[in-house]
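Structure file work.cif with mmCIF, N, CA and C atoms:
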data_input
#
loop_
_atom_site.label_atom_id
_atom_site.label_comp_id
_atom_site.auth_asym_id
_atom_site.auth_seq_id
_atom_site.Cartn_x
_atom_site.Cartn_y
_atom_site.Cartn_z
N MET A 1 130.01 34.45 83.88
CA MET A 1 129.86 35.37 85.00
C MET A 1 128.86 36.48 84.69
N SER A 2 128.92 37.04 83.53
CA SER A 2 128.02 38.14 83.19
C SER A 2 126.58 37.64 83.03
N TYR A 3 126.43 36.39 82.58
CA TYR A 3 125.10 35.83 82.44
C TYR A 3 124.43 35.70 83.81
N SER A 4 125.16 35.24 84.80
CA SER A 4 124.59 35.08 86.13
C SER A 4 124.30 36.45 86.76
N THR A 5 125.15 37.43 86.52
CA THR A 5 124.90 38.78 87.04
C THR A 5 123.66 39.36 86.38
N SER A 6 123.56 39.18 85.10
CA SER A 6 122.39 39.67 84.37
C SER A 6 121.13 38.98 84.87
N PHE A 7 121.23 37.69 85.10
CA PHE A 7 120.08 36.93 85.59
C PHE A 7 119.68 37.40 86.99
N LEU A 8 120.65 37.69 87.85
CA LEU A 8 120.36 38.17 89.20
C LEU A 8 119.67 39.54 89.15
N ILE A 9 120.18 40.41 88.30
CA ILE A 9 119.58 41.75 88.17
C ILE A 9 118.15 41.64 87.66
N GLN A 10 117.96 40.79 86.66
CA GLN A 10 116.62 40.61 86.10
C GLN A 10 115.68 40.02 87.15
N SER A 11 116.14 39.08 87.93
CA SER A 11 115.30 38.49 88.95
C SER A 11 114.99 39.50 90.06
N LEU A 12 115.94 40.37 90.39
CA LEU A 12 115.68 41.42 91.39
C LEU A 12 114.60 42.38 90.90
N PHE A 13 114.71 42.80 89.63
CA PHE A 13 113.68 43.69 89.07
C PHE A 13 112.33 43.01 89.03
N THR A 14 112.30 41.75 88.68
CA THR A 14 111.05 41.01 88.62
C THR A 14 110.42 40.92 90.02
N ASN A 15 111.22 40.59 91.00
CA ASN A 15 110.71 40.52 92.38
C ASN A 15 110.22 41.88 92.86
N LEU A 16 110.95 42.92 92.51
CA LEU A 16 110.55 44.27 92.92
C LEU A 16 109.20 44.64 92.30
N ILE A 17 109.03 44.34 91.03
CA ILE A 17 107.77 44.64 90.35
C ILE A 17 106.63 43.82 90.95
N ILE A 18 106.89 42.56 91.22
CA ILE A 18 105.86 41.69 91.79
C ILE A 18 105.45 42.19 93.18
N GLU A 19 106.39 42.70 93.95
CA GLU A 19 106.07 43.21 95.29
C GLU A 19 105.38 44.57 95.23
N LEU A 20 105.68 45.36 94.20
CA LEU A 20 105.09 46.69 94.10
C LEU A 20 103.65 46.68 93.57
N ILE A 21 103.29 45.68 92.80
CA ILE A 21 101.96 45.64 92.21
C ILE A 21 100.86 45.67 93.27
N PRO A 22 100.91 44.84 94.32
CA PRO A 22 99.86 44.93 95.35
C PRO A 22 99.84 46.29 96.06
N LEU A 23 101.02 46.87 96.28
CA LEU A 23 101.07 48.18 96.92
C LEU A 23 100.43 49.25 96.03
N ILE A 24 100.70 49.17 94.74
CA ILE A 24 100.12 50.13 93.80
C ILE A 24 98.60 49.96 93.75
N ILE A 25 98.15 48.72 93.71
CA ILE A 25 96.70 48.46 93.69
C ILE A 25 96.05 48.98 94.98
N LEU A 26 96.69 48.72 96.10
CA LEU A 26 96.17 49.19 97.38
C LEU A 26 96.12 50.72 97.42
N ALA A 27 97.17 51.36 96.95
CA ALA A 27 97.21 52.82 96.92
C ALA A 27 96.10 53.37 96.03
N LEU A 28 95.85 52.74 94.91
CA LEU A 28 94.78 53.19 94.01
C LEU A 28 93.41 53.03 94.66
N ILE A 29 93.21 51.92 95.35
CA ILE A 29 91.94 51.70 96.04
C ILE A 29 91.73 52.75 97.13
N VAL A 30 92.76 53.00 97.93
CA VAL A 30 92.66 54.01 98.99
C VAL A 30 92.40 55.39 98.39
N TRP A 31 93.10 55.72 97.31
CA TRP A 31 92.90 57.00 96.64
C TRP A 31 91.46 57.13 96.14
N PHE A 32 90.93 56.07 95.54
CA PHE A 32 89.56 56.09 95.02
C PHE A 32 88.56 56.30 96.16
N ILE A 33 88.74 55.57 97.25
CA ILE A 33 87.82 55.70 98.39
C ILE A 33 87.89 57.10 98.98
N LEU A 34 89.11 57.61 99.18
CA LEU A 34 89.26 58.95 99.75
C LEU A 34 88.69 60.02 98.84
N SER A 35 88.89 59.88 97.54
CA SER A 35 88.37 60.90 96.63
C SER A 35 86.85 60.91 96.65
N ARG A 36 86.22 59.74 96.72
CA ARG A 36 84.76 59.69 96.80
C ARG A 36 84.26 60.26 98.12
N LEU A 37 84.98 59.97 99.20
CA LEU A 37 84.60 60.49 100.51
C LEU A 37 84.70 62.01 100.53
N ILE A 38 85.79 62.53 100.02
CA ILE A 38 85.97 63.98 99.99
C ILE A 38 84.91 64.63 99.11
N LYS A 39 84.60 64.01 97.98
CA LYS A 39 83.57 64.55 97.09
C LYS A 39 82.23 64.60 97.81
N ARG A 40 81.90 63.55 98.54
CA ARG A 40 80.64 63.50 99.28
C ARG A 40 80.62 64.57 100.37
N LEU A 41 81.74 64.74 101.10
CA LEU A 41 81.80 65.74 102.15
C LEU A 41 81.66 67.15 101.59
N VAL A 42 82.27 67.40 100.45
CA VAL A 42 82.16 68.72 99.81
C VAL A 42 80.71 68.97 99.40
N GLN A 43 80.07 67.96 98.86
CA GLN A 43 78.67 68.10 98.45
C GLN A 43 77.78 68.40 99.66
N GLN A 44 78.01 67.71 100.75
CA GLN A 44 77.22 67.96 101.96
C GLN A 44 77.47 69.37 102.49
N ALA A 45 78.71 69.82 102.44
CA ALA A 45 79.03 71.17 102.90
C ALA A 45 78.34 72.21 102.01
N ASP A 46 78.32 71.97 100.71
CA ASP A 46 77.63 72.89 99.81
C ASP A 46 76.13 72.93 100.09
N GLU A 47 75.55 71.77 100.37
CA GLU A 47 74.12 71.72 100.69
C GLU A 47 73.83 72.47 101.99
N ARG A 48 74.70 72.29 102.99
CA ARG A 48 74.52 73.01 104.26
C ARG A 48 74.64 74.52 104.06
N LEU A 49 75.59 74.91 103.23
CA LEU A 49 75.78 76.34 102.95
C LEU A 49 74.55 76.92 102.25
N ALA A 50 73.98 76.18 101.32
CA ALA A 50 72.78 76.64 100.62
C ALA A 50 71.62 76.78 101.61
N LEU A 51 71.48 75.82 102.53
CA LEU A 51 70.42 75.92 103.54
C LEU A 51 70.63 77.11 104.46
N GLU A 52 71.86 77.35 104.85
CA GLU A 52 72.16 78.50 105.71
C GLU A 52 71.85 79.81 105.01
N ARG A 53 72.17 79.89 103.73
CA ARG A 53 71.85 81.10 102.97
C ARG A 53 70.34 81.31 102.91
N GLU A 54 69.62 80.22 102.65
CA GLU A 54 68.16 80.31 102.58
C GLU A 54 67.59 80.75 103.93
N ASN A 55 68.09 80.16 105.01
CA ASN A 55 67.64 80.55 106.35
C ASN A 55 67.96 82.00 106.64
N SER A 56 69.12 82.44 106.22
CA SER A 56 69.52 83.82 106.43
C SER A 56 68.58 84.78 105.69
N ILE A 57 68.23 84.44 104.47
CA ILE A 57 67.30 85.26 103.70
C ILE A 57 65.94 85.32 104.39
N LEU A 58 65.46 84.15 104.86
CA LEU A 58 64.16 84.11 105.54
C LEU A 58 64.18 84.93 106.84
N LEU A 59 65.29 84.82 107.58
CA LEU A 59 65.39 85.59 108.83
C LEU A 59 65.43 87.09 108.54
N ASN A 60 66.13 87.49 107.48
CA ASN A 60 66.17 88.90 107.12
C ASN A 60 64.79 89.41 106.72
N LYS A 61 64.04 88.60 105.98
CA LYS A 61 62.67 88.99 105.61
C LYS A 61 61.81 89.14 106.85
N ARG A 62 61.93 88.18 107.74
CA ARG A 62 61.15 88.23 108.99
C ARG A 62 61.53 89.46 109.81
N PHE A 63 62.80 89.77 109.88
CA PHE A 63 63.27 90.94 110.60
C PHE A 63 62.70 92.22 109.98
N ASP A 64 62.69 92.29 108.65
CA ASP A 64 62.13 93.46 107.98
C ASP A 64 60.64 93.60 108.25
N GLU A 65 59.91 92.48 108.24
CA GLU A 65 58.48 92.51 108.55
C GLU A 65 58.24 93.01 109.97
N LEU A 66 59.03 92.52 110.92
CA LEU A 66 58.88 92.96 112.30
C LEU A 66 59.22 94.44 112.45
N ASN A 67 60.21 94.88 111.72
CA ASN A 67 60.59 96.29 111.74
C ASN A 67 59.45 97.16 111.23
N GLU A 68 58.82 96.72 110.15
CA GLU A 68 57.68 97.46 109.60
C GLU A 68 56.54 97.52 110.61
N ARG A 69 56.28 96.44 111.29
CA ARG A 69 55.22 96.42 112.29
C ARG A 69 55.52 97.38 113.44
N ILE A 70 56.78 97.40 113.84
CA ILE A 70 57.18 98.31 114.93
C ILE A 70 56.97 99.75 114.50
N VAL A 71 57.33 100.07 113.27
CA VAL A 71 57.15 101.43 112.78
C VAL A 71 55.67 101.80 112.79
N ILE A 72 54.82 100.87 112.35
CA ILE A 72 53.37 101.12 112.34
C ILE A 72 52.86 101.32 113.76
N ILE A 73 53.31 100.50 114.69
CA ILE A 73 52.87 100.63 116.08
C ILE A 73 53.34 101.96 116.66
N GLU A 74 54.58 102.35 116.36
CA GLU A 74 55.08 103.63 116.85
C GLU A 74 54.24 104.80 116.32
N LYS A 75 53.87 104.73 115.05
CA LYS A 75 53.03 105.78 114.47
C LYS A 75 51.68 105.84 115.16
N MET A 76 51.11 104.66 115.42
CA MET A 76 49.82 104.62 116.10
C MET A 76 49.92 105.20 117.51
N LEU A 77 51.00 104.89 118.21
CA LEU A 77 51.19 105.41 119.56
C LEU A 77 51.36 106.94 119.55
N LYS A 78 52.06 107.45 118.56
CA LYS A 78 52.23 108.90 118.46
C LYS A 78 50.90 109.59 118.19
N GLU A 79 50.05 108.93 117.37
CA GLU A 79 48.74 109.51 117.09
C GLU A 79 47.86 109.52 118.32
N VAL A 80 47.99 108.50 119.18
CA VAL A 80 47.19 108.41 120.40
C VAL A 80 47.59 109.49 121.38
N GLU A 81 48.87 109.81 121.43
CA GLU A 81 49.34 110.82 122.39
C GLU A 81 48.81 112.14 121.99
#

If you convert what's in this file into structure tokens, what do you get?
Amino acid sequence: MSYSTSFLIQSLFTNLIIELIPLIILALIVWFILSRLIKRLVQQADERLALERENSILLNKRFDELNERIVIIEKMLKEVE
């Protein structure tokens, strides 16, 4: 009696392991794909952020140049008056 019970328990564990292996492999594949996707998205976001910073710096420089021109024009207008 104990031999058959032991055999049944062993066969249940074996079946459980055999059924879990494909699920574990599938989970690992999904995890790998998602991690690569997230890594790529983070990299793209970092690149976009760097471009936005660069654009912001260029716009600030352009704004400063225009401000300087306005000051010069104002001075010229005051001299004309």

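Here atom C of Thr14 in chain A stands at a distance of 24.6 Å from atom C of Val30 in chain A.
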
Report the centre and edge lengths, in Å to one decimal, of an axis-aligned box enclosing every atom of range 16-30 of chain A listed in the file, padded by 6 Å on each side, as JSON.
{"center_x": 101.3, "center_y": 48.5, "center_z": 94.7, "size_x": 31.2, "size_y": 25.7, "size_z": 20.6}

note - atom C of Arg48 in chain A and CA of Glu68 in chain A are separated by 29.1 Å

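Distance-wise, CA of Arg40 in chain A and CA of Leu28 in chain A end up 18.3 Å apart.
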